[in-house]
Amino acid sequence: MKNSGRLFFAIIALLFLSGCQSSEKEKAFLDLYPGVDFNQAVVLTPSSSIDSDGNITPDGELILENHSSEVISFNSPEGTSFYTYSKEKKEWVQIKNKMHYLSIQDDDILYPQGTRNALHEAFVFATPDLDGYTAPIVVRWVTIGHQMSNGKPVGAYYDSILLPQQ
């Protein structure tokens, strides 16, 4: 009976520690973007660039959807970033974007979903630089836009496992 009590205590302690690590990880991420509202109203979802295992290919694309009641301005070259979390350093490490964009790229204007004859989603094309990575890596895709009414930054992110191309 004592062993089962110890086992129960060990499981509870591990769950607590993993929860603390996760909250530290998320706090470290939010510290990278002070003032940005990451909410459920602006959503980043995978598009067709998903392999049979559910992983996004490194030359992937995501879709940024506006489910808010605000008009959102988004610029892919300026508003797209990648990160991976280093457990050793306990910090997010930025990964370079290898995508070459047109020199003049207009902002995508995303209207509230349901707005008649208006776009409420945009493609996010990007290519994280996975040179030096040989194993699958968890990458956080981050997009930042702005509400047109007041300039307030809003963001979305999507975590995926990327497989470096050999």
# chains A, B, ... in the order shown; residues from 1 in each chain; ligands from 1
>>> residues_around(residues="A:Glu65", least_positions_apart="3", cutoff="6 Å", atoms="only C-alpha atoms", output="mmCIF file with N, CA and C atoms, in the first residue's frame")
data_model
loop_
_atom_site.group_PDB
_atom_site.id
_atom_site.type_symbol
_atom_site.label_atom_id
_atom_site.label_comp_id
_atom_site.auth_asym_id
_atom_site.auth_seq_id
_atom_site.Cartn_x
_atom_site.Cartn_y
_atom_site.Cartn_z
ATOM 1 N N VAL A 42 -8.369 35.292 -34.088
ATOM 2 C CA VAL A 42 -7.505 35.261 -35.264
ATOM 3 C C VAL A 42 -6.807 33.907 -35.196
ATOM 4 N N VAL A 43 -7.026 33.072 -36.220
ATOM 5 C CA VAL A 43 -6.629 31.670 -36.146
ATOM 6 C C VAL A 43 -5.696 31.314 -37.296
ATOM 7 N N HIS A 120 -11.884 36.911 -45.641
ATOM 8 C CA HIS A 120 -11.670 36.818 -44.205
ATOM 9 C C HIS A 120 -10.481 35.902 -43.888
ATOM 10 N N GLU A 121 -9.761 35.451 -44.940
ATOM 11 C CA GLU A 121 -8.597 34.614 -44.713
ATOM 12 C C GLU A 121 -7.506 34.930 -45.730
#
>>> closest_atom_pairs(of="stretch 112-157 of chain A", to="stretch 69-87 of chain A", cutoff="7 Å", atoms="only C-alpha atoms", output="Markdown table")
| residue | atom | partner | partner_atom | distance |
| --- | --- | --- | --- | --- |
| A:Pro112 | CA | A:Ser69 | CA | 5.1 |
| A:Val124 | CA | A:Ser76 | CA | 6.1 |
| A:Pro128 | CA | A:Phe82 | CA | 6.6 |
| A:Val138 | CA | A:Thr84 | CA | 6.1 |
| A:Val139 | CA | A:Thr84 | CA | 4.9 |
| A:Arg140 | CA | A:Tyr83 | CA | 5.1 |
| A:Trp141 | CA | A:Phe82 | CA | 4.8 |
| A:Val142 | CA | A:Ser81 | CA | 5.1 |
| A:Thr143 | CA | A:Thr80 | CA | 4.6 |
| A:Ile144 | CA | A:Gly79 | CA | 4.7 |
| A:Gly145 | CA | A:Phe74 | CA | 4.4 |
| A:His146 | CA | A:Ser73 | CA | 5.2 |
| A:Gln147 | CA | A:Ile72 | CA | 4.6 |
| A:Met148 | CA | A:Val71 | CA | 5.6 |
>>> write_last_selection(atoms="N, CA, C and O atoms", output="JSON list (two decimals), in the first residue's frame")
[["chain", "number", "residue", "atom", "x", "y", "z"],
["A", 112, "PRO", "N", -14.14, 40.70, -41.10],
["A", 112, "PRO", "CA", -14.79, 39.73, -40.22],
["A", 112, "PRO", "C", -15.49, 38.65, -41.04],
["A", 112, "PRO", "O", -16.05, 38.93, -42.11],
["A", 124, "VAL", "N", -0.52, 32.18, -45.69],
["A", 124, "VAL", "CA", 0.75, 32.56, -45.08],
["A", 124, "VAL", "C", 1.79, 31.61, -45.67],
["A", 124, "VAL", "O", 1.83, 30.43, -45.34],
["A", 128, "PRO", "N", 10.74, 27.94, -43.09],
["A", 128, "PRO", "CA", 11.73, 28.01, -42.02],
["A", 128, "PRO", "C", 13.06, 27.41, -42.46],
["A", 128, "PRO", "O", 13.08, 26.41, -43.18],
["A", 138, "VAL", "N", 9.92, 20.61, -33.49],
["A", 138, "VAL", "CA", 8.66, 21.31, -33.24],
["A", 138, "VAL", "C", 8.91, 22.79, -33.51],
["A", 138, "VAL", "O", 9.79, 23.40, -32.91],
["A", 139, "VAL", "N", 8.13, 23.33, -34.44],
["A", 139, "VAL", "CA", 8.27, 24.73, -34.83],
["A", 139, "VAL", "C", 6.96, 25.46, -34.57],
["A", 139, "VAL", "O", 5.89, 24.96, -34.91],
["A", 140, "ARG", "N", 7.07, 26.62, -33.96],
["A", 140, "ARG", "CA", 5.89, 27.48, -33.75],
["A", 140, "ARG", "C", 5.89, 28.54, -34.84],
["A", 140, "ARG", "O", 6.79, 29.35, -34.94],
["A", 141, "TRP", "N", 4.85, 28.49, -35.69],
["A", 141, "TRP", "CA", 4.63, 29.50, -36.72],
["A", 141, "TRP", "C", 3.88, 30.64, -36.05],
["A", 141, "TRP", "O", 2.86, 30.41, -35.39],
["A", 142, "VAL", "N", 4.34, 31.86, -36.23],
["A", 142, "VAL", "CA", 3.72, 33.02, -35.59],
["A", 142, "VAL", "C", 3.36, 34.04, -36.66],
["A", 142, "VAL", "O", 4.16, 34.35, -37.53],
["A", 143, "THR", "N", 2.14, 34.54, -36.59],
["A", 143, "THR", "CA", 1.72, 35.63, -37.47],
["A", 143, "THR", "C", 1.19, 36.77, -36.61],
["A", 143, "THR", "O", 0.49, 36.55, -35.63],
["A", 144, "ILE", "N", 1.55, 37.98, -37.00],
["A", 144, "ILE", "CA", 1.12, 39.18, -36.29],
["A", 144, "ILE", "C", 0.49, 40.13, -37.30],
["A", 144, "ILE", "O", 1.08, 40.41, -38.34],
["A", 145, "GLY", "N", -0.69, 40.59, -36.99],
["A", 145, "GLY", "CA", -1.37, 41.58, -37.80],
["A", 145, "GLY", "C", -1.81, 42.73, -36.91],
["A", 145, "GLY", "O", -1.43, 42.79, -35.73],
["A", 146, "HIS", "N", -2.60, 43.63, -37.46],
["A", 146, "HIS", "CA", -3.08, 44.78, -36.69],
["A", 146, "HIS", "C", -4.55, 45.04, -36.99],
["A", 146, "HIS", "O", -5.00, 44.90, -38.12],
["A", 147, "GLN", "N", -5.28, 45.42, -35.94],
["A", 147, "GLN", "CA", -6.66, 45.83, -36.14],
["A", 147, "GLN", "C", -6.64, 47.17, -36.86],
["A", 147, "GLN", "O", -5.91, 48.08, -36.47],
["A", 148, "MET", "N", -7.44, 47.29, -37.90],
["A", 148, "MET", "CA", -7.46, 48.52, -38.69],
["A", 148, "MET", "C", -8.06, 49.68, -37.90],
["A", 148, "MET", "O", -7.68, 50.82, -38.10]]
>>> select_by_dssp(residues="stretch 77-146 of chain A", states="strand (DSSP E or B)", output="PyMOL selection string")
chain A and resi 80-86+91-95+97+108-110+121-125+128+137-146
>>> atom_distance(atom1="atom CA of A:Glu88", atom2="atom CA of A:Ser22")
13.9 Å
>>> closest_residue(among="A:Thr127, A:Asn117, A:Ser23, A:Asn150", to="A:Leu62", atoms="only C-alpha atoms")
A:Thr127
>>> residues_around(residues="A:Pro164", least_positions_apart="6", cutoff="8 Å", atoms="only C-alpha atoms", output="list in words")
Pro58, Leu130, Asp131, Tyr133, Thr134, Ala135, Pro136 and Ile137 of chain A
>>> atom_distance(atom1="atom CA of A:Asn66", atom2="atom CA of A:Leu44")
9.1 Å
>>> atom_distance(atom1="atom CA of A:Asp31", atom2="atom CA of A:Val93")
12.8 Å
>>> closest_residue(among="A:Ala126, A:Leu119, A:Ala41, A:Leu163", to="A:Tyr101", atoms="only C-alpha atoms")
A:Ala126
>>> select_by_dssp(residues="stretch 64-149 of chain A", states="helix (DSSP H, G or I)", output="ChimeraX atom specification")
/A:76-79
